[in-house]
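To start, the structure itself, in structure tokens.
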Amino acid sequence: MNMLIDTKSIKLTIKILAIIVLALFQAKQAKPQSLKPDFDFVTYLLGNEMRTEAVSLLDNLHCNSLLDGSCDSLSYLKGWSYYSLKMLDEATFHFEKVSDKSVFYRKSTYFNALSNAHKGDYDRAMLCLDGLSDTTELFYFEKSGISLLNNDLESFRTYSEYFSFDNYALAEQERVLMKIGENMSKYKKKSPWLAGAASAIVPGLGKVYCGSIGEGVSSFLLVGSFAAITAENWSKYGFLNWKTLLFGSIGTVFYVGSIYGSVASVRVCYDDYENEKNISVLYSIHIPIRTIFN
Amino acid sequence: MVADSLFRAGNYEMAIVEYERIVFRNISFAETNYALMQKASCFKEMQMYGEALKNLERVRLFLLDQDESEIYLYNVVLFSYLSDSYEKAYNALKTYPFCAKESVRDEKMYLLKILVCNEMRKWDEADFTASEWAKIYASDSVKYAENGWFSDIPHLKKIKTAKILAIVPGLGHLYAGYPWEALAGLSLNVGALAFGVYETIAKCYLTAYLGGAGMLSSTYFGTVRRAEYLVEKKNYERSRDFNDRLKVEVLNNWPD
């Protein structure tokens, strides 16, 4: 009986010891690690344009296995890697996770704002910057750029008062933004009704009014040719002659098309102008951030 | 090595990262070379031959011995061919020491050279290489010599000839081998000319000039451009057809 109890207690002791050893082993495995070795390696990968490799590595790292403080660095690295791959949704998601205690907070915020601006979410971009208690010239420069993207000239004028044109990283782009602002204040939106009416009177004139001179001239020549042919056949053979009707019909189609094209080209012109302006502003606000933070 | 275990387990994405980490640590040139070659193997398994080639180009060649250099060259030629960089493959082939010895690697290089020259339309050189290969490796080299792979090289049309012939509408299309398009082109041009002449006779000069001459200038120059395009298309079809048939023949003779 005593021997039986001893065997049972020995087995129990062995079981307990095994559990303790396993727990200790797992605790050792789960010891928080530093991000430093991977940080340098990821920086090397991004610097050598091996962005996919950087993302593959970072996707396998998780916050709960890292030391406190490394979490922010991981979020920053992930945001930066996705930004390099132009995956802006993922980039903004990770940039937003960087806390204000991190050394990468300022850079993450600026790039977060830039990513949102590229996505067309200007309100969110402005919100990102508002969360940054910054009074530097760069801060006001970025805000002025986003105001231009939002077509808010009043805010742009307010922020542009902080431009010094002295800072080497900002001076050139400040001048560019001022020029864009000036052009925006002078820009007058074209009227589609006026474009249509102009093309109704003189085919192609509506397109010239929108700024497409070549298209306007070719439209005029095309409709004019058919009009001349129709007139000649009408005068020689009368209105009901098949040639008069044929060329007249084709000419009418082109004439109506010219009017419609002029009305539509007003919208196209405006879209082209907006796109060009946005590309210019996005390029200008991106350069100082890259210069200062890289 | 972590990278090697990942490679053996088929986790190529992470293996690529770990091999690059070895390159990053830069402990020795030999290790770096090994890591880059293995990285290329990972990309090869993922069928990303362009990336595989990029990593091979980073290898330090001065460290490779004769045998390793030949393996390296073989991989460069293979990946260049598979990523459609035929010029690169051809240039690499020029540096390979072909010699009349029987070895699997040499045989593969001969066949690769035939494939590369084939794609570049260097059929004479491909034919010569095929004869060399047949002498050493083909089971019946005499029979090969009679009915070689290059006995029916496609005859390609000349774009310049098509352009000159297209002076007569439709003739360029006929030369390119598209008789119905030739007829359509001729009809369009003759129709526009006839219309212009008819209107001139009827004293409708505006109609003749704006309608007839205007139509004729569009159709005439359009037909010339179309003839050039059709010649390029026909040449592409003929060479593609020949290349594909030859590829099948070469791959049937690929050594294990």
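We name chains A, B, ... following the order of the structure tokens; residues begin at 1 in each chain, and ligands are numbered from 1 as shown.
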task = as a ChimeraX atom specification, list the residues of segment 115-183 of chain B assigned to alpha helix (DSSP H) by DSSP on the backbone atoms of this structure.
result = /B:115-119,123-137,141-146,159-165,171-176,179-183
message = Please identify all residues of chain A having at least one atom at most 8 Å from any atom of chain B, considering only C-alpha atoms, and return them as a PyMOL selection string.
response = chain A and resi 41+44+53-54+56-57+225+228-229+232-233
inquiry  = Need to verify the contact set: segment 67-84 of chain B, 8 Å, only C-alpha atoms, exclusion of same-chain residues closer than 3 positions in sequence. Can you return it as a ChimeraX atom specification?
reply    = /B:44,49-50,52-53,56,61,64,88-90,92-93,96,105,109,112,116
Put those residues in a file: N, CA, C and O atoms, as a tab-separated table (two decimals), in the first residue's frame.
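Final output, saved to selection.tsv:
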```
chain	number	residue	atom	x	y	z
B	44	LYS	N	13.31	31.57	-58.56
B	44	LYS	CA	13.07	30.60	-59.65
B	44	LYS	C	11.89	29.70	-59.27
B	44	LYS	O	11.01	29.44	-60.09
B	49	TYR	N	11.43	35.05	-62.74
B	49	TYR	CA	12.76	34.88	-63.31
B	49	TYR	C	13.52	36.19	-63.43
B	49	TYR	O	14.75	36.21	-63.34
B	50	GLY	N	12.81	37.29	-63.63
B	50	GLY	CA	13.45	38.61	-63.70
B	50	GLY	C	14.14	38.94	-62.38
B	50	GLY	O	15.29	39.40	-62.36
B	52	ALA	N	15.05	36.74	-60.14
B	52	ALA	CA	16.14	35.77	-59.96
B	52	ALA	C	17.40	36.26	-60.67
B	52	ALA	O	18.51	36.23	-60.12
B	53	LEU	N	17.19	36.78	-61.87
B	53	LEU	CA	18.33	37.28	-62.65
B	53	LEU	C	18.99	38.47	-61.97
B	53	LEU	O	20.22	38.57	-61.90
B	56	LEU	N	21.26	37.26	-59.32
B	56	LEU	CA	22.47	36.63	-59.87
B	56	LEU	C	23.48	37.68	-60.30
B	56	LEU	O	24.70	37.48	-60.19
B	61	LEU	N	31.79	37.51	-59.17
B	61	LEU	CA	32.22	36.42	-60.07
B	61	LEU	C	33.65	35.97	-59.82
B	61	LEU	O	34.00	34.81	-60.09
B	64	LEU	N	34.24	32.69	-58.00
B	64	LEU	CA	33.74	31.41	-58.51
B	64	LEU	C	34.84	30.66	-59.23
B	64	LEU	O	35.59	31.25	-60.01
B	88	LYS	N	20.31	39.61	-73.33
B	88	LYS	CA	21.16	39.29	-72.17
B	88	LYS	C	21.58	37.82	-72.24
B	88	LYS	O	22.73	37.49	-71.98
B	89	ALA	N	20.63	36.96	-72.57
B	89	ALA	CA	20.92	35.53	-72.66
B	89	ALA	C	21.98	35.29	-73.73
B	89	ALA	O	22.93	34.53	-73.53
B	90	TYR	N	21.82	35.96	-74.85
B	90	TYR	CA	22.75	35.78	-75.98
B	90	TYR	C	24.15	36.24	-75.59
B	90	TYR	O	25.14	35.56	-75.88
B	92	ALA	N	25.42	36.38	-72.59
B	92	ALA	CA	25.97	35.44	-71.62
B	92	ALA	C	26.44	34.16	-72.30
B	92	ALA	O	27.48	33.60	-71.95
B	93	LEU	N	25.70	33.74	-73.32
B	93	LEU	CA	26.08	32.52	-74.07
B	93	LEU	C	27.43	32.70	-74.75
B	93	LEU	O	28.20	31.74	-74.89
B	96	TYR	N	30.25	31.52	-72.62
B	96	TYR	CA	30.27	30.14	-72.12
B	96	TYR	C	31.28	29.31	-72.92
B	96	TYR	O	31.28	29.36	-74.14
B	105	ARG	N	25.14	19.51	-68.59
B	105	ARG	CA	25.08	20.96	-68.56
B	105	ARG	C	25.39	21.55	-69.93
B	105	ARG	O	24.71	22.45	-70.40
B	109	MET	N	23.10	23.80	-72.43
B	109	MET	CA	23.53	25.12	-72.93
B	109	MET	C	23.37	25.18	-74.45
B	109	MET	O	22.98	26.21	-74.99
B	112	LEU	N	19.75	25.63	-75.06
B	112	LEU	CA	19.34	27.01	-74.70
B	112	LEU	C	19.76	27.99	-75.78
B	112	LEU	O	19.03	28.91	-76.12
B	116	VAL	N	17.42	30.56	-77.73
B	116	VAL	CA	17.65	32.01	-77.68
B	116	VAL	C	17.81	32.57	-79.09
B	116	VAL	O	17.19	33.57	-79.45
```
key: Residue nearest Asn189 of chain B among B:Pro169, B:Gly148, B:Pro154, B:Gly222 (counting only C-alpha atoms)   = B:Pro169
inquiry  = I want to know what sits within 10 Å of Ala184 of chain B, based on only C-alpha atoms, with residues of the same chain fewer than 3 positions away left out; could you give that as a VMD selection string?
reply    = chain B and resid 169 to 170 173 179 to 181 187 to 190 223
Best match for closeness to Thr52 of chain A among B:Asn91, B:Arg245, B:Tyr220, B:Glu51, counting only C-alpha atoms = B:Glu51
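In this model, the gap between atom CA of Met48 of chain B and atom CA of Ala30 of chain B comes to 24.4 Å.
The neighbours of Lys39 of chain B here are the residues that come within 7 Å of it, using only C-alpha atoms and leaving out any residue fewer than 3 positions away in the same chain; they are Ile16, Tyr19, Ala35, Leu36, Cys42, Phe43 and Asn55 of chain B.
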Just the selected residues (C-alpha atoms), exported as a tab-separated table (two decimals), in the first residue's frame, please.
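Printed below is result34.tsv as written:
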```tsv
chain	number	residue	atom	x	y	z
B	16	ILE	CA	14.35	35.41	-49.57
B	19	TYR	CA	19.09	35.16	-47.45
B	35	ALA	CA	23.00	33.65	-50.22
B	36	LEU	CA	22.50	35.46	-53.53
B	42	CYS	CA	13.85	31.02	-54.39
B	43	PHE	CA	12.70	33.40	-57.10
B	55	ASN	CA	20.09	38.68	-57.76
```
